file protein.txt (compact mmCIF, C-alpha atoms and all ligand atoms)
# COMPACT_ATOMS: atom_id res chain seq x y z
CA MET J 1 6.97 -9.60 -14.31
CA THR J 2 6.53 -7.63 -17.54
CA GLY J 3 3.31 -5.68 -17.47
CA SER J 4 3.03 -5.58 -13.70
CA ILE J 5 0.97 -2.70 -12.40
CA LYS J 6 2.72 -0.20 -10.20
CA ILE J 7 0.75 1.50 -7.51
CA LEU J 8 1.72 5.05 -6.55
CA VAL J 9 -0.30 6.15 -3.57
CA LYS J 10 -1.03 9.17 -1.45
CA CYS J 11 -2.70 9.79 1.88
CA PRO J 12 -6.47 10.29 1.55
CA ALA J 13 -6.36 12.75 4.47
CA CYS J 14 -3.47 15.11 3.67
CA GLY J 15 -2.88 14.23 0.02
CA LYS J 16 0.87 13.80 0.41
CA SER J 17 2.70 11.06 -1.45
CA LEU J 18 3.43 7.90 0.50
CA MET J 19 6.21 6.85 -1.85
CA ASN J 20 9.69 6.72 -0.35
CA PRO J 21 12.53 6.74 -2.90
CA ASP J 22 15.11 6.02 -0.19
CA VAL J 23 13.68 2.64 0.72
CA ARG J 24 13.44 0.45 -2.35
CA LEU J 25 11.53 -2.76 -2.84
CA ASP J 26 11.47 -4.63 -6.15
CA ASP J 27 14.03 -1.97 -7.16
CA LEU J 28 11.44 0.81 -6.92
CA PRO J 29 10.46 3.39 -4.29
CA SER J 30 8.40 1.75 -1.56
CA ILE J 31 5.08 2.70 0.00
CA ASP J 32 6.04 4.17 3.37
CA LEU J 33 3.59 3.72 6.25
CA GLU J 34 3.71 4.34 9.94
CA THR J 35 2.56 1.29 11.84
CA LYS J 36 1.84 -0.08 15.25
CA ILE J 37 2.17 -3.82 15.75
CA GLU J 38 1.60 -5.30 19.18
CA LYS J 39 2.32 -2.01 21.00
CA LYS J 40 5.53 -1.27 19.09
CA SER J 41 5.66 1.67 16.71
CA GLY J 42 7.71 1.79 13.57
CA ARG J 43 7.53 1.76 9.83
CA ILE J 44 6.34 -0.72 7.30
CA TYR J 45 7.38 -0.47 3.67
CA LEU J 46 5.32 -2.15 0.97
CA SER J 47 6.22 -2.86 -2.62
CA GLN J 48 4.51 -0.59 -5.14
CA VAL J 49 4.20 -3.53 -7.54
CA TYR J 50 0.64 -4.81 -7.49
CA GLY J 51 0.69 -8.48 -6.49
CA SER J 52 4.16 -8.30 -4.93
CA TYR J 53 4.23 -9.07 -1.24
CA ASN J 54 7.73 -7.83 -0.59
CA LYS J 55 7.83 -5.68 2.50
CA LYS J 56 10.23 -4.34 5.06
CA PHE J 57 9.79 -3.62 8.75
CA ASP J 58 11.62 -0.97 10.72
CA GLY J 59 11.29 -0.70 14.49
CA VAL J 60 8.50 -3.27 14.63
CA ASP J 61 8.71 -7.04 14.52
CA ASP J 62 7.44 -9.05 11.59
CA VAL J 63 4.83 -10.80 13.73
CA GLU J 64 3.09 -13.51 11.74
CA ALA J 65 -0.64 -12.81 11.34
CA ALA J 66 -0.56 -9.73 13.60
CA ILE J 67 -2.92 -6.89 12.71
CA CYS J 68 -0.98 -3.75 11.80
CA SER J 69 -2.49 -0.38 12.63
CA LEU J 70 -1.50 1.86 9.74
CA PHE J 71 -1.03 5.63 9.83
CA CYS J 72 0.10 8.31 7.43
CA PRO J 73 3.78 9.21 8.14
CA HIS J 74 3.01 12.87 7.26
CA CYS J 75 -0.20 13.73 9.10
CA GLY J 76 -0.50 10.76 11.46
CA ASN J 77 -4.08 10.00 10.50
CA PRO J 78 -5.10 6.37 10.40
CA PHE J 79 -6.05 5.16 6.94
CA PRO J 80 -9.78 4.71 6.41
CA VAL J 81 -11.23 1.26 6.99
CA TYR J 82 -13.39 0.10 4.09
CA GLN J 83 -14.53 -3.31 5.18
CA THR J 84 -13.60 -6.36 7.21
CA CYS J 85 -11.52 -9.07 5.60
CA GLU J 86 -12.45 -12.76 5.64
CA CYS J 87 -9.67 -13.07 8.23
CA LYS J 88 -11.57 -10.56 10.44
CA ALA J 89 -8.92 -7.84 10.17
CA PRO J 90 -9.83 -4.36 8.92
CA ILE J 91 -9.21 -3.61 5.24
CA VAL J 92 -7.75 -0.13 4.82
CA GLY J 93 -7.42 1.97 1.70
CA PHE J 94 -4.82 4.29 0.20
CA GLN J 95 -5.56 6.74 -2.56
CA LEU J 96 -3.96 6.20 -5.94
CA GLN J 97 -2.17 9.23 -7.32
CA VAL J 98 -4.08 8.85 -10.59
CA GLY J 99 -7.46 8.32 -8.89
CA GLY J 100 -9.01 5.21 -7.41
CA THR J 101 -8.24 3.28 -4.27
CA ILE J 102 -6.04 0.35 -3.35
CA LYS J 103 -7.46 -1.68 -0.49
CA VAL J 104 -5.27 -3.95 1.55
CA CYS J 105 -5.89 -6.22 4.52
CA SER J 106 -4.08 -4.98 7.61
CA ARG J 107 -3.19 -8.47 8.83
CA ASN J 108 0.46 -9.26 8.31
CA GLY J 109 0.72 -12.03 5.73
CA CYS J 110 -2.88 -11.84 4.51
CA LYS J 111 -2.80 -11.47 0.74
CA ASN J 112 -6.25 -9.96 0.34
CA HIS J 113 -6.02 -6.74 -1.66
CA SER J 114 -7.90 -5.11 -4.48
CA LEU J 115 -8.06 -2.06 -6.66
CA GLU J 116 -11.22 -0.05 -6.83
CA PHE J 117 -12.24 2.68 -9.22
CA THR J 118 -15.37 4.74 -8.88
CA ASN J 119 -14.57 6.34 -12.21
CA VAL J 120 -13.64 4.14 -15.16
CA ASN J 121 -11.35 6.87 -16.50
CA ASP J 122 -9.21 6.46 -13.39
CA ALA J 123 -8.55 2.83 -14.32
CA PHE J 124 -7.70 3.91 -17.84
CA GLU J 125 -5.33 6.54 -16.52
CA LEU J 126 -3.58 4.02 -14.28
CA PHE J 127 -2.89 1.74 -17.22
CA GLN J 128 -1.80 4.70 -19.31
CA SER J 129 0.58 5.83 -16.58
CA GLN J 130 2.44 2.52 -16.54
CA ASP J 131 5.69 2.70 -18.38
CA LYS J 132 5.97 0.52 -21.41
CA THR J 133 8.98 -1.45 -20.27
CA GLY J 134 7.54 -2.93 -17.09
CA LEU J 135 9.87 -4.84 -14.83
CA SER J 136 12.26 -7.17 -16.50
ZN ZN B 201 -1.58 12.15 5.61
ZN ZN B 202 -7.14 -10.51 5.70

call {"tool": "encode", "arguments": {"input": "protein.txt", "output": "structure tokens"}}
result
Amino acid sequence: MTGSIKILVKCPACGKSLMNPDVRLDDLPSIDLETKIEKKSGRIYLSQVYGSYNKKFDGVDDVEAAICSLFCPHCGNPFPVYQTCECKAPIVGFQLQVGGTIKVCSRNGCKNHSLEFTNVNDAFELFQSQDKTGLS
């Protein structure tokens, strides 16, 4: 996994960090999101490693292929929907702390995700911000 990109994100609405150092995935702070899955409310934690699909559920069930409504745990705003995935679920976006957007499909188990930069310097900054050691 050397050279894996780590994604540190914040809420596009309130600007607060979504990283939770108390819940670790891939040995790193996780991305902490409030979620609603099939009428249950809870938390979903995603790995900050780009391309890792490790996640944790708290208070909600890991329902295969269910669409997760995702909200900011700080301000409660839903994350903006950018487009519709091939699987028909909404694709939502989180803001990268260095600039740019990570877009993920909200269907549990769908692996569709992408990074988007409106400014090429943001991409450069992301790569610069990666530590040199990577994950071993
Ligand atoms: Zn927020
Ligand atoms: Zn999808």

call {"tool": "residues_around", "arguments": {"input": "protein.txt", "residues": "Cys105 of chain J", "least_positions_apart": "3", "cutoff": "9 Å", "atoms": "only C-alpha atoms", "output": "number ranges by chain"}}
result
J: 67, 84-85, 87, 89-93, 108-113

call {"tool": "closest_residue", "arguments": {"input": "protein.txt", "among": "J:Glu116, J:Glu86, J:Asp122, J:Asp58", "to": "ligand ZN 202 (chain B)", "atoms": "all atoms listed in the file"}}
result
J:Glu86

call {"tool": "residues_near_point", "arguments": {"input": "protein.txt", "point": "(-3.0, 14.3, 9.9)", "cutoff": "7 Å", "atoms": "all atoms listed in the file", "output": "list in words"}}
result
Ala13, Cys14, His74, Cys75, Gly76 and Asn77 of chain J

call {"tool": "residues_around", "arguments": {"input": "protein.txt", "residues": "Gln48 of chain J", "least_positions_apart": "2", "cutoff": "9 Å", "atoms": "all atoms listed in the file", "output": "ChimeraX atom specification"}}
result
/J:5-9,19,25-26,28-31,46,50-52

call {"tool": "atom_distance", "arguments": {"input": "protein.txt", "atom1": "atom CA of Val60 of chain J", "atom2": "atom CA of Thr101 of chain J"}}
result
26.1 Å

call {"tool": "closest_residue", "arguments": {"input": "protein.txt", "among": "J:Ala66, J:Ile37, J:Ile44, J:Cys11", "to": "Arg107 of chain J", "atoms": "all atoms listed in the file"}}
result
J:Ala66

call {"tool": "closest_residue", "arguments": {"input": "protein.txt", "among": "J:Pro78, J:Asn121, J:Glu38, J:Leu33", "to": "Lys55 of chain J", "atoms": "only C-alpha atoms"}}
result
J:Leu33

call {"tool": "residues_around", "arguments": {"input": "protein.txt", "residues": "Pro73 of chain J", "least_positions_apart": "4", "cutoff": "8 Å", "atoms": "only C-alpha atoms", "output": "number ranges by chain"}}
result
J: 18, 32-34

call {"tool": "write_last_selection", "arguments": {"input": "protein.txt", "atoms": "C-alpha atoms", "output": "PDB file, in the coordinates of the input"}}
result
ATOM      1  CA  LEU J  18       3.430   7.900   0.500  1.00  0.00           C
ATOM      2  CA  ASP J  32       6.040   4.170   3.370  1.00  0.00           C
ATOM      3  CA  LEU J  33       3.590   3.720   6.250  1.00  0.00           C
ATOM      4  CA  GLU J  34       3.710   4.340   9.940  1.00  0.00           C
TER       5      GLU J  34
END

call {"tool": "axis_aligned_box", "arguments": {"input": "protein.txt", "around": "segment 73-76 of chain J", "padding_each_side": "4 Å", "output": "lines of an AutoDock Vina configuration file"}}
result
center_x = 1.6
center_y = 11.5
center_z = 9.4
size_x = 12.3
size_y = 12.5
size_z = 12.2

call {"tool": "closest_residue", "arguments": {"input": "protein.txt", "among": "J:Pro21, J:Gly15, J:Pro80, J:Gly3", "to": "ligand ZN 201 (chain B)", "atoms": "all atoms listed in the file"}}
result
J:Gly15

call {"tool": "atom_distance", "arguments": {"input": "protein.txt", "atom1": "atom CA of Lys39 of chain J", "atom2": "atom CA of Gly59 of chain J"}}
result
11.2 Å

call {"tool": "atom_distance", "arguments": {"input": "protein.txt", "atom1": "atom CA of Val81 of chain J", "atom2": "atom CA of Tyr45 of chain J"}}
result
19.0 Å

call {"tool": "closest_residue", "arguments": {"input": "protein.txt", "among": "J:Ser69, J:Gln95, J:Ser47, J:Gln83", "to": "ligand ZN 201 (chain B)", "atoms": "all atoms listed in the file"}}
result
J:Gln95

call {"tool": "closest_residue", "arguments": {"input": "protein.txt", "among": "J:Phe117, J:Phe57, J:Phe79, J:Phe124", "to": "ligand ZN 201 (chain B)", "atoms": "all atoms listed in the file"}}
result
J:Phe79

call {"tool": "build_atoms", "arguments": {"input": "protein.txt", "residues": "segment 69-80 of chain J", "atoms": "N, CA and C atoms", "output": "PDB file, keeping the file's coordinate frame"}}
result
ATOM      1  N   SER J  69      -1.810  -1.665  12.744  1.00  0.00           N
ATOM      2  CA  SER J  69      -2.490  -0.380  12.630  1.00  0.00           C
ATOM      3  C   SER J  69      -1.642   0.478  11.711  1.00  0.00           C
ATOM      4  N   LEU J  70      -2.265   1.113  10.735  1.00  0.00           N
ATOM      5  CA  LEU J  70      -1.500   1.860   9.740  1.00  0.00           C
ATOM      6  C   LEU J  70      -1.873   3.336   9.763  1.00  0.00           C
ATOM      7  N   PHE J  71      -0.841   4.182   9.762  1.00  0.00           N
ATOM      8  CA  PHE J  71      -1.030   5.630   9.830  1.00  0.00           C
ATOM      9  C   PHE J  71      -0.212   6.306   8.745  1.00  0.00           C
ATOM     10  N   CYS J  72      -0.655   7.504   8.378  1.00  0.00           N
ATOM     11  CA  CYS J  72       0.100   8.310   7.430  1.00  0.00           C
ATOM     12  C   CYS J  72       1.360   8.841   8.126  1.00  0.00           C
ATOM     13  N   PRO J  73       2.555   8.696   7.518  1.00  0.00           N
ATOM     14  CA  PRO J  73       3.780   9.210   8.140  1.00  0.00           C
ATOM     15  C   PRO J  73       3.854  10.741   8.122  1.00  0.00           C
ATOM     16  N   HIS J  74       2.994  11.393   7.340  1.00  0.00           N
ATOM     17  CA  HIS J  74       3.010  12.870   7.260  1.00  0.00           C
ATOM     18  C   HIS J  74       2.057  13.501   8.264  1.00  0.00           C
ATOM     19  N   CYS J  75       0.799  13.075   8.245  1.00  0.00           N
ATOM     20  CA  CYS J  75      -0.200  13.730   9.100  1.00  0.00           C
ATOM     21  C   CYS J  75      -0.623  12.872  10.281  1.00  0.00           C
ATOM     22  N   GLY J  76      -0.209  11.615  10.307  1.00  0.00           N
ATOM     23  CA  GLY J  76      -0.500  10.760  11.460  1.00  0.00           C
ATOM     24  C   GLY J  76      -1.911  10.214  11.509  1.00  0.00           C
ATOM     25  N   ASN J  77      -2.721  10.523  10.498  1.00  0.00           N
ATOM     26  CA  ASN J  77      -4.080  10.000  10.500  1.00  0.00           C
ATOM     27  C   ASN J  77      -4.091   8.516  10.145  1.00  0.00           C
ATOM     28  N   PRO J  78      -4.968   7.766  10.807  1.00  0.00           N
ATOM     29  CA  PRO J  78      -5.100   6.370  10.400  1.00  0.00           C
ATOM     30  C   PRO J  78      -5.771   6.289   9.030  1.00  0.00           C
ATOM     31  N   PHE J  79      -5.419   5.302   8.244  1.00  0.00           N
ATOM     32  CA  PHE J  79      -6.050   5.160   6.940  1.00  0.00           C
ATOM     33  C   PHE J  79      -7.474   4.638   7.114  1.00  0.00           C
ATOM     34  N   PRO J  80      -8.384   5.092   6.244  1.00  0.00           N
ATOM     35  CA  PRO J  80      -9.780   4.710   6.410  1.00  0.00           C
ATOM     36  C   PRO J  80     -10.003   3.214   6.232  1.00  0.00           C
TER      37      PRO J  80
END
